[in-house]
file run37.cif (mmCIF, N, CA and C atoms)
data_upload
loop_
_atom_site.group_PDB
_atom_site.id
_atom_site.type_symbol
_atom_site.label_atom_id
_atom_site.label_comp_id
_atom_site.auth_asym_id
_atom_site.auth_seq_id
_atom_site.Cartn_x
_atom_site.Cartn_y
_atom_site.Cartn_z
ATOM 1 N N MET A 206 13.556 -7.818 2.234
ATOM 2 C CA MET A 206 12.788 -8.049 3.430
ATOM 3 C C MET A 206 12.855 -9.519 3.810
ATOM 4 N N THR A 207 12.762 -9.768 5.076
ATOM 5 C CA THR A 207 12.780 -11.137 5.541
ATOM 6 C C THR A 207 11.372 -11.701 5.553
ATOM 7 N N ASP A 208 11.292 -13.001 5.317
ATOM 8 C CA ASP A 208 9.997 -13.666 5.400
ATOM 9 C C ASP A 208 9.689 -13.922 6.860
ATOM 10 N N GLN A 209 8.537 -13.474 7.272
ATOM 11 C CA GLN A 209 8.121 -13.651 8.661
ATOM 12 C C GLN A 209 6.752 -14.287 8.669
ATOM 13 N N LYS A 210 6.563 -15.218 9.568
ATOM 14 C CA LYS A 210 5.271 -15.884 9.697
ATOM 15 C C LYS A 210 4.402 -15.086 10.660
ATOM 16 N N TYR A 211 3.180 -14.825 10.264
ATOM 17 C CA TYR A 211 2.226 -14.099 11.095
ATOM 18 C C TYR A 211 1.027 -14.989 11.371
ATOM 19 N N THR A 212 0.443 -14.801 12.521
ATOM 20 C CA THR A 212 -0.807 -15.500 12.811
ATOM 21 C C THR A 212 -1.922 -14.814 12.032
ATOM 22 N N GLU A 213 -3.053 -15.492 11.918
ATOM 23 C CA GLU A 213 -4.203 -14.909 11.232
ATOM 24 C C GLU A 213 -4.634 -13.611 11.907
ATOM 25 N N GLU A 214 -4.587 -13.602 13.221
ATOM 26 C CA GLU A 214 -4.964 -12.407 13.985
ATOM 27 C C GLU A 214 -3.996 -11.256 13.705
ATOM 28 N N GLU A 215 -2.695 -11.551 13.646
ATOM 29 C CA GLU A 215 -1.708 -10.503 13.350
ATOM 30 C C GLU A 215 -1.899 -9.956 11.950
ATOM 31 N N LEU A 216 -2.151 -10.843 10.988
ATOM 32 C CA LEU A 216 -2.375 -10.392 9.608
ATOM 33 C C LEU A 216 -3.615 -9.517 9.507
ATOM 34 N N THR A 217 -4.666 -9.891 10.212
ATOM 35 C CA THR A 217 -5.891 -9.093 10.209
ATOM 36 C C THR A 217 -5.611 -7.703 10.768
ATOM 37 N N GLU A 218 -4.887 -7.637 11.874
ATOM 38 C CA GLU A 218 -4.566 -6.343 12.486
ATOM 39 C C GLU A 218 -3.695 -5.499 11.567
ATOM 40 N N ILE A 219 -2.706 -6.114 10.929
ATOM 41 C CA ILE A 219 -1.828 -5.399 9.996
ATOM 42 C C ILE A 219 -2.646 -4.840 8.840
ATOM 43 N N CYS A 220 -3.533 -5.651 8.283
ATOM 44 C CA CYS A 220 -4.359 -5.207 7.152
ATOM 45 C C CYS A 220 -5.300 -4.081 7.547
ATOM 46 N N GLU A 221 -5.907 -4.200 8.714
ATOM 47 C CA GLU A 221 -6.811 -3.150 9.177
ATOM 48 C C GLU A 221 -6.061 -1.843 9.406
ATOM 49 N N ASP A 222 -4.901 -1.920 10.038
ATOM 50 C CA ASP A 222 -4.089 -0.720 10.273
ATOM 51 C C ASP A 222 -3.658 -0.080 8.956
ATOM 52 N N ALA A 223 -3.215 -0.919 8.018
ATOM 53 C CA ALA A 223 -2.770 -0.407 6.723
ATOM 54 C C ALA A 223 -3.922 0.269 5.985
ATOM 55 N N PHE A 224 -5.094 -0.358 5.998
ATOM 56 C CA PHE A 224 -6.257 0.216 5.322
ATOM 57 C C PHE A 224 -6.598 1.581 5.891
ATOM 58 N N VAL A 225 -6.644 1.679 7.206
ATOM 59 C CA VAL A 225 -6.992 2.946 7.858
ATOM 60 C C VAL A 225 -5.957 4.013 7.502
ATOM 61 N N ASN A 226 -4.671 3.655 7.565
ATOM 62 C CA ASN A 226 -3.612 4.628 7.262
ATOM 63 C C ASN A 226 -3.668 5.076 5.808
ATOM 64 N N LEU A 227 -3.865 4.140 4.882
ATOM 65 C CA LEU A 227 -3.958 4.507 3.468
ATOM 66 C C LEU A 227 -5.192 5.358 3.191
ATOM 67 N N LYS A 228 -6.312 4.983 3.794
ATOM 68 C CA LYS A 228 -7.540 5.753 3.602
ATOM 69 C C LYS A 228 -7.354 7.187 4.086
ATOM 70 N N GLU A 229 -6.764 7.347 5.272
ATOM 71 C CA GLU A 229 -6.534 8.693 5.809
ATOM 72 C C GLU A 229 -5.581 9.483 4.925
ATOM 73 N N ALA A 230 -4.538 8.822 4.415
ATOM 74 C CA ALA A 230 -3.593 9.505 3.524
ATOM 75 C C ALA A 230 -4.290 9.949 2.239
ATOM 76 N N CYS A 231 -5.147 9.104 1.699
ATOM 77 C CA CYS A 231 -5.876 9.459 0.481
ATOM 78 C C CYS A 231 -6.839 10.618 0.732
ATOM 79 N N MET A 232 -7.489 10.592 1.870
ATOM 80 C CA MET A 232 -8.412 11.685 2.205
ATOM 81 C C MET A 232 -7.653 12.996 2.376
ATOM 82 N N ARG A 233 -6.488 12.959 3.028
ATOM 83 C CA ARG A 233 -5.677 14.181 3.183
ATOM 84 C C ARG A 233 -5.230 14.697 1.824
ATOM 85 N N LEU A 234 -4.828 13.783 0.937
ATOM 86 C CA LEU A 234 -4.418 14.175 -0.412
ATOM 87 C C LEU A 234 -5.573 14.877 -1.126
ATOM 88 N N GLN A 235 -6.762 14.308 -1.036
ATOM 89 C CA GLN A 235 -7.906 14.914 -1.706
ATOM 90 C C GLN A 235 -8.276 16.259 -1.090
ATOM 91 N N GLU A 236 -8.193 16.362 0.222
ATOM 92 C CA GLU A 236 -8.488 17.642 0.875
ATOM 93 C C GLU A 236 -7.476 18.707 0.453
ATOM 94 N N LYS A 237 -6.212 18.307 0.375
ATOM 95 C CA LYS A 237 -5.143 19.258 0.070
ATOM 96 C C LYS A 237 -5.147 19.678 -1.405
ATOM 97 N N THR A 238 -5.419 18.714 -2.298
ATOM 98 C CA THR A 238 -5.293 18.991 -3.730
ATOM 99 C C THR A 238 -6.615 19.130 -4.451
ATOM 100 N N GLY A 239 -7.682 18.593 -3.851
ATOM 101 C CA GLY A 239 -8.964 18.605 -4.528
ATOM 102 C C GLY A 239 -9.044 17.607 -5.675
ATOM 103 N N CYS A 240 -8.135 16.643 -5.705
ATOM 104 C CA CYS A 240 -8.131 15.675 -6.804
ATOM 105 C C CYS A 240 -9.298 14.706 -6.678
ATOM 106 N N SER A 241 -9.609 14.066 -7.783
ATOM 107 C CA SER A 241 -10.752 13.160 -7.841
ATOM 108 C C SER A 241 -10.375 11.765 -7.330
ATOM 109 N N ASN A 242 -11.398 10.948 -7.132
ATOM 110 C CA ASN A 242 -11.174 9.557 -6.759
ATOM 111 C C ASN A 242 -10.360 8.833 -7.822
ATOM 112 N N GLU A 243 -10.584 9.200 -9.083
ATOM 113 C CA GLU A 243 -9.849 8.575 -10.184
ATOM 114 C C GLU A 243 -8.345 8.795 -10.030
ATOM 115 N N VAL A 244 -7.938 9.981 -9.624
ATOM 116 C CA VAL A 244 -6.523 10.281 -9.416
ATOM 117 C C VAL A 244 -5.977 9.434 -8.272
ATOM 118 N N VAL A 245 -6.742 9.314 -7.198
ATOM 119 C CA VAL A 245 -6.311 8.520 -6.049
ATOM 120 C C VAL A 245 -6.156 7.055 -6.448
ATOM 121 N N VAL A 246 -7.116 6.530 -7.200
ATOM 122 C CA VAL A 246 -7.051 5.138 -7.638
ATOM 123 C C VAL A 246 -5.823 4.919 -8.528
ATOM 124 N N SER A 247 -5.561 5.858 -9.414
ATOM 125 C CA SER A 247 -4.391 5.766 -10.282
ATOM 126 C C SER A 247 -3.103 5.778 -9.450
ATOM 127 N N LEU A 248 -3.047 6.662 -8.491
ATOM 128 C CA LEU A 248 -1.882 6.747 -7.610
ATOM 129 C C LEU A 248 -1.663 5.437 -6.862
ATOM 130 N N LEU A 249 -2.744 4.862 -6.349
ATOM 131 C CA LEU A 249 -2.631 3.590 -5.632
ATOM 132 C C LEU A 249 -2.177 2.469 -6.568
ATOM 133 N N GLY A 250 -2.622 2.520 -7.814
ATOM 134 C CA GLY A 250 -2.166 1.542 -8.799
ATOM 135 C C GLY A 250 -0.671 1.657 -9.038
ATOM 136 N N HIS A 251 -0.182 2.885 -9.164
ATOM 137 C CA HIS A 251 1.253 3.099 -9.345
ATOM 138 C C HIS A 251 2.042 2.637 -8.122
ATOM 139 N N LEU A 252 1.495 2.869 -6.956
ATOM 140 C CA LEU A 252 2.136 2.431 -5.723
ATOM 141 C C LEU A 252 2.229 0.904 -5.687
ATOM 142 N N ALA A 253 1.148 0.240 -6.074
ATOM 143 C CA ALA A 253 1.149 -1.223 -6.125
ATOM 144 C C ALA A 253 2.203 -1.715 -7.117
ATOM 145 N N GLU A 254 2.283 -1.078 -8.286
ATOM 146 C CA GLU A 254 3.283 -1.454 -9.285
ATOM 147 C C GLU A 254 4.702 -1.283 -8.741
ATOM 148 N N PHE A 255 4.928 -0.215 -7.986
ATOM 149 C CA PHE A 255 6.233 0.023 -7.380
ATOM 150 C C PHE A 255 6.609 -1.137 -6.458
ATOM 151 N N TYR A 256 5.686 -1.539 -5.606
ATOM 152 C CA TYR A 256 5.982 -2.619 -4.667
ATOM 153 C C TYR A 256 6.135 -3.960 -5.366
ATOM 154 N N ILE A 257 5.381 -4.182 -6.430
ATOM 155 C CA ILE A 257 5.548 -5.410 -7.212
ATOM 156 C C ILE A 257 6.939 -5.427 -7.835
ATOM 157 N N ALA A 258 7.377 -4.292 -8.367
ATOM 158 C CA ALA A 258 8.716 -4.203 -8.961
ATOM 159 C C ALA A 258 9.794 -4.420 -7.910
ATOM 160 N N GLN A 259 9.589 -3.886 -6.717
ATOM 161 C CA GLN A 259 10.550 -4.086 -5.633
ATOM 162 C C GLN A 259 10.654 -5.559 -5.289
ATOM 163 N N ASP A 260 9.514 -6.236 -5.231
ATOM 164 C CA ASP A 260 9.479 -7.658 -4.935
ATOM 165 C C ASP A 260 10.178 -8.438 -6.037
ATOM 166 N N ASP A 261 9.930 -8.058 -7.299
ATOM 167 C CA ASP A 261 10.588 -8.718 -8.435
ATOM 168 C C ASP A 261 12.098 -8.537 -8.345
ATOM 169 N N GLN A 262 12.549 -7.356 -7.959
ATOM 170 C CA GLN A 262 13.987 -7.091 -7.829
ATOM 171 C C GLN A 262 14.610 -7.963 -6.744
ATOM 172 N N SER A 263 13.889 -8.189 -5.652
ATOM 173 C CA SER A 263 14.448 -8.999 -4.568
ATOM 174 C C SER A 263 14.650 -10.429 -5.034
ATOM 175 N N PHE A 264 13.788 -10.927 -5.929
ATOM 176 C CA PHE A 264 13.986 -12.275 -6.469
ATOM 177 C C PHE A 264 15.210 -12.318 -7.379
ATOM 178 N N ILE A 265 15.438 -11.272 -8.129
ATOM 179 C CA ILE A 265 16.595 -11.201 -9.018
ATOM 180 C C ILE A 265 17.885 -11.155 -8.220
ATOM 181 N N ASN A 266 17.883 -10.416 -7.124
ATOM 182 C CA ASN A 266 19.090 -10.234 -6.325
ATOM 183 C C ASN A 266 19.369 -11.379 -5.365
ATOM 184 N N ASP A 267 18.427 -12.294 -5.205
ATOM 185 C CA ASP A 267 18.637 -13.426 -4.270
ATOM 186 C C ASP A 267 19.486 -14.501 -4.877
#

call {"tool": "encode", "arguments": {"input": "run37.cif", "output": "structure tokens"}}
result
Amino acid sequence: MTDQKYTEEELTEICEDAFVNLKEACMRLQEKTGCSNEVVVSLLGHLAEFYIAQDDQSFIND
């Protein structure tokens, strides 16, 4: 990914949009599967680890 500079307002909007989208996705997952909050939190942790690993790989490949 390329490094892009964002204004504070743009970052706020991006974060708010991301939060709403993730929250809705988690709610749909729980409605569909009946899984607990603990499962959702674990899933989000794994997702964060995936993105951290992707970021680490980009440093290796640069």

call {"tool": "select_by_dssp", "arguments": {"input": "run37.cif", "residues": "chain A", "states": "helix (DSSP H, G or I)", "output": "JSON, numbers by chain"}}
result
{"A": [213, 214, 215, 216, 217, 218, 219, 220, 221, 222, 223, 224, 225, 226, 227, 228, 229, 230, 231, 232, 233, 234, 235, 236, 237, 238, 242, 243, 244, 245, 246, 247, 248, 249, 250, 251, 252, 253, 254, 255, 256, 257, 258, 259, 260, 261, 262, 263, 264, 265, 266]}

call {"tool": "residues_around", "arguments": {"input": "run37.cif", "residues": "stretch 230-233 of chain A", "least_positions_apart": "4", "cutoff": "9 Å", "atoms": "only C-alpha atoms", "output": "PDB file with N, CA and C atoms, keeping the file's coordinate frame"}}
result
ATOM      1  N   VAL A 225      -6.644   1.679   7.206  1.00  0.00           N
ATOM      2  CA  VAL A 225      -6.992   2.946   7.858  1.00  0.00           C
ATOM      3  C   VAL A 225      -5.957   4.013   7.502  1.00  0.00           C
ATOM      4  N   ASN A 226      -4.671   3.655   7.565  1.00  0.00           N
ATOM      5  CA  ASN A 226      -3.612   4.628   7.262  1.00  0.00           C
ATOM      6  C   ASN A 226      -3.668   5.076   5.808  1.00  0.00           C
ATOM      7  N   LYS A 237      -6.212  18.307   0.375  1.00  0.00           N
ATOM      8  CA  LYS A 237      -5.143  19.258   0.070  1.00  0.00           C
ATOM      9  C   LYS A 237      -5.147  19.678  -1.405  1.00  0.00           C
ATOM     10  N   THR A 238      -5.419  18.714  -2.298  1.00  0.00           N
ATOM     11  CA  THR A 238      -5.293  18.991  -3.730  1.00  0.00           C
ATOM     12  C   THR A 238      -6.615  19.130  -4.451  1.00  0.00           C
ATOM     13  N   ASN A 242     -11.398  10.948  -7.132  1.00  0.00           N
ATOM     14  CA  ASN A 242     -11.174   9.557  -6.759  1.00  0.00           C
ATOM     15  C   ASN A 242     -10.360   8.833  -7.822  1.00  0.00           C
ATOM     16  N   VAL A 245      -6.742   9.314  -7.198  1.00  0.00           N
ATOM     17  CA  VAL A 245      -6.311   8.520  -6.049  1.00  0.00           C
ATOM     18  C   VAL A 245      -6.156   7.055  -6.448  1.00  0.00           C
TER      19      VAL A 245
END

call {"tool": "atom_distance", "arguments": {"input": "run37.cif", "atom1": "atom N of A:Val246", "atom2": "atom C of A:Leu234"}}
result
10.4 Å

call {"tool": "atom_distance", "arguments": {"input": "run37.cif", "atom1": "atom CA of A:Leu227", "atom2": "atom CA of A:Leu252"}}
result
11.2 Å

call {"tool": "atom_distance", "arguments": {"input": "run37.cif", "atom1": "atom CA of A:Ser263", "atom2": "atom CA of A:Lys228"}}
result
27.7 Å
